[in-house]
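Participant: Just start-v4.cif, nothing more (mmCIF, C-alpha atoms):
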data_structure
loop_
_atom_site.group_PDB
_atom_site.id
_atom_site.type_symbol
_atom_site.label_atom_id
_atom_site.label_comp_id
_atom_site.auth_asym_id
_atom_site.auth_seq_id
_atom_site.Cartn_x
_atom_site.Cartn_y
_atom_site.Cartn_z
ATOM 1 C CA MET A 1 -44.505 53.487 -39.059
ATOM 2 C CA LYS A 2 -42.520 54.759 -42.055
ATOM 3 C CA SER A 3 -41.360 57.774 -40.034
ATOM 4 C CA SER A 4 -40.094 55.615 -37.120
ATOM 5 C CA LEU A 5 -38.180 53.370 -39.512
ATOM 6 C CA SER A 6 -36.578 56.413 -41.162
ATOM 7 C CA LYS A 7 -35.543 57.815 -37.776
ATOM 8 C CA CYS A 8 -34.152 54.456 -36.724
ATOM 9 C CA LEU A 9 -32.098 54.140 -39.931
ATOM 10 C CA LEU A 10 -30.863 57.704 -39.490
ATOM 11 C CA VAL A 11 -29.698 56.988 -35.931
ATOM 12 C CA VAL A 12 -27.988 53.755 -37.033
ATOM 13 C CA GLY A 13 -26.275 55.639 -39.872
ATOM 14 C CA ILE A 14 -25.026 58.340 -37.507
ATOM 15 C CA ILE A 15 -23.686 55.764 -35.031
ATOM 16 C CA MET A 16 -21.895 53.874 -37.811
ATOM 17 C CA SER A 17 -20.398 57.108 -39.152
ATOM 18 C CA LEU A 18 -19.128 58.093 -35.726
ATOM 19 C CA SER A 19 -17.578 54.688 -35.120
ATOM 20 C CA LEU A 20 -15.780 54.778 -38.471
ATOM 21 C CA VAL A 21 -14.451 58.264 -37.788
ATOM 22 C CA SER A 22 -13.288 57.352 -34.300
ATOM 23 C CA CYS A 23 -11.378 54.310 -35.619
ATOM 24 C CA ARG A 24 -9.160 56.571 -37.673
ATOM 25 C CA SER A 25 -8.517 59.207 -35.066
ATOM 26 C CA SER A 26 -5.739 58.799 -32.544
ATOM 27 C CA LYS A 27 -3.507 61.360 -30.961
ATOM 28 C CA LYS A 28 0.129 61.221 -31.940
ATOM 29 C CA VAL A 29 3.070 61.959 -29.691
ATOM 30 C CA VAL A 30 6.397 63.144 -31.091
ATOM 31 C CA THR A 31 9.509 61.715 -29.450
ATOM 32 C CA ASP A 32 12.828 62.573 -31.099
ATOM 33 C CA ASP A 33 11.112 62.950 -34.481
ATOM 34 C CA VAL A 34 9.560 59.478 -34.218
ATOM 35 C CA TYR A 35 5.763 59.432 -34.179
ATOM 36 C CA PHE A 36 3.871 57.076 -31.905
ATOM 37 C CA PRO A 37 0.237 56.778 -30.928
ATOM 38 C CA SER A 38 -0.403 58.185 -27.465
ATOM 39 C CA GLU A 39 -0.500 55.860 -24.493
ATOM 40 C CA ASP A 40 -3.784 54.319 -23.430
ATOM 41 C CA ALA A 41 -4.774 56.145 -20.274
ATOM 42 C CA GLY A 42 -3.421 54.409 -17.205
ATOM 43 C CA THR A 43 -2.364 51.159 -18.889
ATOM 44 C CA GLY A 44 1.265 52.072 -19.550
ATOM 45 C CA LYS A 45 1.167 50.515 -23.006
ATOM 46 C CA SER A 46 1.149 52.227 -26.361
ATOM 47 C CA ALA A 47 -1.689 51.612 -28.764
ATOM 48 C CA GLY A 48 0.530 51.123 -31.823
ATOM 49 C CA TRP A 49 0.693 48.396 -34.463
ATOM 50 C CA TRP A 50 2.383 46.064 -31.963
ATOM 51 C CA SER A 51 -0.750 45.784 -29.811
ATOM 52 C CA ARG A 52 -2.409 43.819 -32.653
ATOM 53 C CA TYR A 53 0.229 41.140 -32.075
ATOM 54 C CA GLY A 54 -0.204 40.976 -28.304
ATOM 55 C CA ILE A 55 3.041 42.843 -27.667
ATOM 56 C CA VAL A 56 2.993 45.026 -24.563
ATOM 57 C CA LEU A 57 5.442 47.926 -24.623
ATOM 58 C CA LYS A 58 6.038 50.079 -21.582
ATOM 59 C CA LYS A 59 7.259 53.613 -22.057
ATOM 60 C CA GLY A 60 11.032 53.886 -21.823
ATOM 61 C CA GLU A 61 11.554 50.117 -21.918
ATOM 62 C CA TYR A 62 11.814 49.611 -25.675
ATOM 63 C CA ASN A 63 13.644 51.013 -28.665
ATOM 64 C CA GLU A 64 11.173 53.441 -30.251
ATOM 65 C CA ALA A 65 13.241 53.767 -33.424
ATOM 66 C CA LEU A 66 13.183 49.981 -33.905
ATOM 67 C CA TYR A 67 9.403 49.733 -33.641
ATOM 68 C CA ALA A 68 8.896 52.758 -35.873
ATOM 69 C CA GLU A 69 11.138 51.213 -38.538
ATOM 70 C CA ILE A 70 9.434 47.818 -38.288
ATOM 71 C CA GLY A 71 6.088 49.562 -38.735
ATOM 72 C CA GLU A 72 7.391 50.880 -42.059
ATOM 73 C CA TRP A 73 8.265 47.349 -43.217
ATOM 74 C CA LEU A 74 5.209 45.369 -42.085
ATOM 75 C CA GLY A 75 3.368 43.961 -45.080
ATOM 76 C CA VAL A 76 6.261 44.408 -47.535
ATOM 77 C CA LYS A 77 6.126 41.457 -49.942
ATOM 78 C CA TYR A 78 8.731 38.721 -49.991
ATOM 79 C CA ARG A 79 11.344 38.879 -52.724
ATOM 80 C CA TYR A 80 14.341 36.537 -52.758
ATOM 81 C CA GLY A 81 17.521 38.629 -52.698
ATOM 82 C CA GLY A 82 15.558 41.815 -51.997
ATOM 83 C CA ASN A 83 16.300 44.355 -49.283
ATOM 84 C CA THR A 84 13.972 47.248 -50.103
ATOM 85 C CA LYS A 85 10.378 48.100 -49.331
ATOM 86 C CA ASP A 86 9.518 46.955 -52.853
ATOM 87 C CA GLY A 87 10.376 43.418 -51.701
ATOM 88 C CA THR A 88 12.737 41.783 -49.238
ATOM 89 C CA ASP A 89 13.937 38.447 -47.990
ATOM 90 C CA CYS A 90 14.703 37.614 -44.352
ATOM 91 C CA SER A 91 18.370 38.631 -44.274
ATOM 92 C CA GLY A 92 17.618 41.729 -46.332
ATOM 93 C CA LEU A 93 15.030 42.850 -43.778
ATOM 94 C CA VAL A 94 17.244 42.170 -40.767
ATOM 95 C CA SER A 95 20.280 43.825 -42.354
ATOM 96 C CA GLN A 96 18.242 46.938 -43.237
ATOM 97 C CA LEU A 97 16.729 47.161 -39.743
ATOM 98 C CA TYR A 98 20.180 46.875 -38.164
ATOM 99 C CA LEU A 99 21.669 49.443 -40.499
ATOM 100 C CA LYS A 100 18.892 52.000 -39.952
ATOM 101 C CA VAL A 101 18.268 51.484 -36.240
ATOM 102 C CA TYR A 102 21.655 50.430 -34.847
ATOM 103 C CA ASP A 103 23.969 51.791 -37.579
ATOM 104 C CA LYS A 104 25.576 48.336 -37.946
ATOM 105 C CA LYS A 105 26.225 46.548 -41.189
ATOM 106 C CA LEU A 106 25.479 42.822 -41.071
ATOM 107 C CA GLN A 107 26.232 39.982 -43.447
ATOM 108 C CA ARG A 108 23.657 39.553 -46.211
ATOM 109 C CA ASN A 109 23.076 35.840 -45.584
ATOM 110 C CA SER A 110 21.397 34.363 -42.499
ATOM 111 C CA ALA A 111 24.022 31.638 -41.917
ATOM 112 C CA ARG A 112 26.875 34.141 -42.247
ATOM 113 C CA MET A 113 25.047 36.567 -39.919
ATOM 114 C CA PHE A 114 25.085 33.884 -37.267
ATOM 115 C CA GLU A 115 28.715 32.874 -37.905
ATOM 116 C CA LYS A 116 30.315 36.319 -38.328
ATOM 117 C CA ASP A 117 28.073 38.915 -36.661
ATOM 118 C CA CYS A 118 26.716 37.157 -33.573
ATOM 119 C CA LYS A 119 27.694 35.662 -30.286
ATOM 120 C CA GLU A 120 25.457 32.655 -29.645
ATOM 121 C CA ILE A 121 23.081 33.001 -26.698
ATOM 122 C CA LYS A 122 20.497 30.729 -25.136
ATOM 123 C CA ARG A 123 16.883 31.104 -26.173
ATOM 124 C CA LYS A 124 15.892 32.132 -22.646
ATOM 125 C CA GLN A 125 18.420 35.009 -22.814
ATOM 126 C CA LEU A 126 16.753 36.687 -25.806
ATOM 127 C CA GLN A 127 16.380 40.456 -25.621
ATOM 128 C CA GLU A 128 14.943 43.009 -28.007
ATOM 129 C CA GLY A 129 17.209 43.285 -31.060
ATOM 130 C CA ASP A 130 18.727 39.794 -30.807
ATOM 131 C CA LEU A 131 18.524 37.527 -33.836
ATOM 132 C CA VAL A 132 16.747 34.185 -34.082
ATOM 133 C CA PHE A 133 17.819 31.590 -36.626
ATOM 134 C CA PHE A 134 15.881 28.746 -38.222
ATOM 135 C CA SER A 135 16.346 25.863 -40.637
ATOM 136 C CA SER A 136 13.667 24.859 -43.080
ATOM 137 C CA SER A 137 15.861 22.313 -44.816
ATOM 138 C CA SER A 138 16.114 18.572 -44.202
ATOM 139 C CA ARG A 139 19.501 19.246 -42.563
ATOM 140 C CA LYS A 140 18.238 20.397 -39.161
ATOM 141 C CA ASN A 141 21.150 22.675 -38.219
ATOM 142 C CA ARG A 142 21.600 24.370 -41.597
ATOM 143 C CA ILE A 143 20.583 27.976 -40.968
ATOM 144 C CA ASN A 144 18.612 29.467 -43.854
ATOM 145 C CA HIS A 145 16.207 31.887 -42.137
ATOM 146 C CA VAL A 146 16.613 34.779 -39.681
ATOM 147 C CA GLY A 147 14.325 37.057 -37.720
ATOM 148 C CA LEU A 148 14.789 39.897 -35.274
ATOM 149 C CA TYR A 149 13.529 39.270 -31.744
ATOM 150 C CA LEU A 150 11.174 41.831 -30.216
ATOM 151 C CA VAL A 151 9.621 41.000 -26.836
ATOM 152 C CA ASP A 152 7.147 38.532 -25.369
ATOM 153 C CA GLY A 153 8.378 35.681 -27.590
ATOM 154 C CA LYS A 154 7.615 37.605 -30.805
ATOM 155 C CA PHE A 155 9.927 38.289 -33.733
ATOM 156 C CA VAL A 156 9.761 40.101 -37.057
ATOM 157 C CA HIS A 157 10.879 38.400 -40.254
ATOM 158 C CA ALA A 158 10.271 38.183 -43.976
ATOM 159 C CA GLY A 159 8.754 34.940 -45.170
ATOM 160 C CA SER A 160 6.375 33.723 -47.834
ATOM 161 C CA LYS A 161 3.664 36.063 -46.493
ATOM 162 C CA GLY A 162 6.007 39.048 -46.563
ATOM 163 C CA VAL A 163 7.184 40.968 -43.515
ATOM 164 C CA VAL A 164 5.219 39.750 -40.508
ATOM 165 C CA ILE A 165 5.373 39.280 -36.761
ATOM 166 C CA ASP A 166 5.294 35.690 -35.516
ATOM 167 C CA SER A 167 5.715 33.865 -32.227
ATOM 168 C CA LEU A 168 8.692 31.668 -31.426
ATOM 169 C CA SER A 169 6.296 29.298 -29.698
ATOM 170 C CA ALA A 170 4.256 28.763 -32.872
ATOM 171 C CA ARG A 171 4.543 25.105 -33.850
ATOM 172 C CA TYR A 172 6.452 25.696 -37.084
ATOM 173 C CA TYR A 173 9.041 28.095 -35.621
ATOM 174 C CA ASP A 174 9.510 26.059 -32.471
ATOM 175 C CA LYS A 175 10.202 22.976 -34.593
ATOM 176 C CA HIS A 176 12.620 24.738 -36.975
ATOM 177 C CA TYR A 177 14.448 26.922 -34.423
ATOM 178 C CA VAL A 178 18.231 26.437 -34.539
ATOM 179 C CA ALA A 179 19.881 29.178 -32.464
ATOM 180 C CA SER A 180 19.804 32.717 -31.110
ATOM 181 C CA GLY A 181 22.520 35.306 -31.448
ATOM 182 C CA ARG A 182 23.399 38.685 -29.997
ATOM 183 C CA VAL A 183 25.048 41.006 -32.511
ATOM 184 C CA LYS A 184 28.643 41.813 -31.509
#
Show me the file's structure as structure tokens.
Facilitator:
Amino acid sequence: MKSSLSKCLLVVGIIMSLSLVSCRSSKKVVTDDVYFPSEDAGTGKSAGWWSRYGIVLKKGEYNEALYAEIGEWLGVKYRYGGNTKDGTDCSGLVSQLYLKVYDKKLQRNSARMFEKDCKEIKRKQLQEGDLVFFSSSSRKNRINHVGLYLVDGKFVHAGSKGVVIDSLSARYYDKHYVASGRVK
């Protein structure tokens, strides 16, 4: 009896060890010095951080540099007035992403970004890299928050929980949405 229990525990331990090791191993593919996890066989979608958010990316149909840069920022804590990986606010994040990925300098305030850097577009026209603007104030059209649109109704932004991915259709963001803009 004691011997069977020992063997059983040994087998369980080996299985658990293998599953932990396999979670950490994934092949990497190098594309223009940007590292991405390899594609899942036959699915056409990459198994990167974005899959945790329900974002489906098809090879050649997205900006690899943008997603690589966002991956570097995810989880960075919120800091009012910040624009570094030590802490950032919403306009700091968006301005840094635009500078690094698109080589464009944007205003450092969400309302001014909308006024000076963007051409207003309809929500249904959103494309990867467009900006989405929100108001959390009692004045409904006063822009005081910005995010960068990805795909599938998702956007990246810096809020009270730090740099995260959220959905435009989430109740809070749907209620506080003001406008969308395409950077000129």
Participant: Nearest to Ala68 (chain A): which of A:Leu168, A:Val151, A:Cys118, A:Leu97 is it, counting only C-alpha atoms?
Facilitator: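 Distance minimum relative to Ala68 (chain A) lands on A:Leu97.
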Participant: Give the answer as one residue: which of A:Arg52, A:Arg79, A:Lys105, A:Arg182 has the shortest atom-to-atom distance to Phe133 (chain A), using all atoms listed in the file?
Facilitator: A:Arg182
Participant: Within 12 Å of (23.4, 38.8, -38.5) (coordinates as in the file), grab all the protein and nucleic acid residues, counting all atoms listed in the file, and write them out as a PyMOL selection string.
Facilitator: chain A and resi 90-99+104-120+129-133+143-149+179-184
Participant: Quick one: of A:Asn83, A:Arg139, A:Phe134, A:Leu66, who's nearest to Tyr102 (chain A), counting only C-alpha atoms?
Facilitator: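 Smallest separation from Tyr102 (chain A) among the options: A:Leu66.
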Participant: Measuring atom to atom with only C-alpha atoms, identify which of A:Ser169, A:Ala158, A:Lys175, A:Lys59 is nearest to Val76 (chain A).
Facilitator: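 Checking each of A:Ser169, A:Ala158, A:Lys175, A:Lys59 against Val76 (chain A), counting only C-alpha atoms, the winner is A:Ala158.
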Participant: Would you work out the distance separating CA of Leu57 (chain A) from CA of Asp174 (chain A), expressed in Å to one decimal?
Facilitator: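 Calculated distance between CA of Leu57 (chain A) and CA of Asp174 (chain A) is 23.6 Å.
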Participant: Taking only C-alpha atoms into account, which of A:Gly153, A:Gly71, A:Gly54, A:Gly159 comes nearest Gln125 (chain A)?
Facilitator: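 For Gln125 (chain A), the nearest of the given residues is A:Gly153.
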Participant: Taking only residues of region 46-134 of chain A that have an atom at most 7 Å from an atom of region 160-166 of chain A, what is each one's shortest atom pair and its distance in Å to one decimal, using only C-alpha atoms, in chain and number order, as JSON lines?
Facilitator:
{"residue": "A:Trp73", "atom": "CA", "partner": "A:Val163", "partner_atom": "CA", "distance": 6.5}
{"residue": "A:Leu74", "atom": "CA", "partner": "A:Val163", "partner_atom": "CA", "distance": 5.0}
{"residue": "A:Gly75", "atom": "CA", "partner": "A:Val163", "partner_atom": "CA", "distance": 5.1}
{"residue": "A:Val76", "atom": "CA", "partner": "A:Val163", "partner_atom": "CA", "distance": 5.4}
{"residue": "A:Lys77", "atom": "CA", "partner": "A:Gly162", "partner_atom": "CA", "distance": 4.2}
{"residue": "A:Tyr78", "atom": "CA", "partner": "A:Gly162", "partner_atom": "CA", "distance": 4.4}
Participant: Find, counting all atoms listed in the file, the residue in A:Trp49, A:Lys154, A:Gly82, A:Tyr177 that gets nearest to Lys122 (chain A).
Facilitator: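 So, comparing all the options, the nearest one is A:Tyr177.
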Participant: Could you write out as AutoDock Vina command-line options the box around region 74-81 of chain A (axis-aligned, all atoms listed in the file, 3 Å on each side), with centre and edge lengths in Å to one decimal?
Facilitator:
--center_x 10.4 --center_y 41.0 --center_z -47.4 --size_x 20.2 --size_y 14.8 --size_z 16.7
Participant: For CA of Gly81 (chain A) and CA of Ala65 (chain A), determine how far apart the two atoms are, in Å to one decimal place.
Facilitator: 24.9 Å
Participant: Suppose you want the space between CA of Val101 (chain A) and CA of Val56 (chain A); what is it in Å?
Facilitator: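 Between CA of Val101 (chain A) and CA of Val56 (chain A) the gap works out to 20.3 Å.
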